[in-house]
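*Asks:* The structure's right below; bear with me while I get my questions together.
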Amino acid sequence: MWPWLLAVVGVVLGGVVCVVATVFVFAALHLGSGSYEDVLPVLLLTLPAGAAAGGWLGFWLGKRLRGAA
């Protein structure tokens, strides 16, 4: 149960981190006008990548937790 539960949590957190990080990077580098339309093409790439990485990491940590218990 732990690997799948942590995978779902990882998907959500990975997606949130990528969205927030992308917006902060655009703001820090003064790219675009601050509209969501400037960030949207990059978000379409980073959101699935962050969700996949978060899910994989969560599943991996869940397997380690299950093995340690």
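In the structure tokens, the first chain shown is A, the next is B, and so on; residue numbers restart at 1 for each chain, and ligands run from 1 in the order shown.
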Could you pull the residues within 7 Å of region 3-10 of chain A, counting only C-alpha atoms, minus those fewer than 3 positions along the same chain, as a list in words?
*Replies:*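 With the cut-off at 7 Å, the set is Leu13, Gly14, Gly54, Gly55, Trp56, Leu57, Gly58, Phe59, Trp60, Leu61, Gly62 and Lys63 of chain A.
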*Asks:* Would you list the contacts of Val20 (chain A) as a PDB file with C-alpha atoms, in the first residue's frame, taking every protein, DNA or RNA residue within 12 Å and counting only C-alpha atoms, but skipping same-chain residues closer than 4 positions in sequence?
*Replies:*
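Output file around23.pdb follows:
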ATOM      1  CA  LEU A  13       3.595  17.405  -5.032  1.00  0.00           C
ATOM      2  CA  GLY A  14       5.802  17.054  -8.115  1.00  0.00           C
ATOM      3  CA  GLY A  15       3.222  18.835 -10.236  1.00  0.00           C
ATOM      4  CA  VAL A  16       2.783  21.627  -7.711  1.00  0.00           C
ATOM      5  CA  PHE A  24       9.236  31.830  -9.939  1.00  0.00           C
ATOM      6  CA  VAL A  25      11.929  31.310 -12.584  1.00  0.00           C
ATOM      7  CA  PHE A  26       9.998  33.397 -15.095  1.00  0.00           C
ATOM      8  CA  ALA A  27       9.510  36.139 -12.514  1.00  0.00           C
ATOM      9  CA  VAL A  39       4.338  30.603 -18.901  1.00  0.00           C
ATOM     10  CA  VAL A  42       6.765  25.836 -20.539  1.00  0.00           C
ATOM     11  CA  LEU A  43       4.223  24.550 -18.014  1.00  0.00           C
ATOM     12  CA  THR A  46       7.386  20.830 -16.877  1.00  0.00           C
ATOM     13  CA  LEU A  47       4.097  19.722 -15.331  1.00  0.00           C
ATOM     14  CA  GLY A  50       7.459  16.949 -12.469  1.00  0.00           C
TER      15      GLY A  50
END
*Asks:* Using CA of Gly67 (chain A) and CA of Val12 (chain A) as the two end points, give the distance in Å to one decimal.
*Replies:*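 Value for the CA of Gly67 (chain A)-CA of Val12 (chain A) distance: 23.8 Å.
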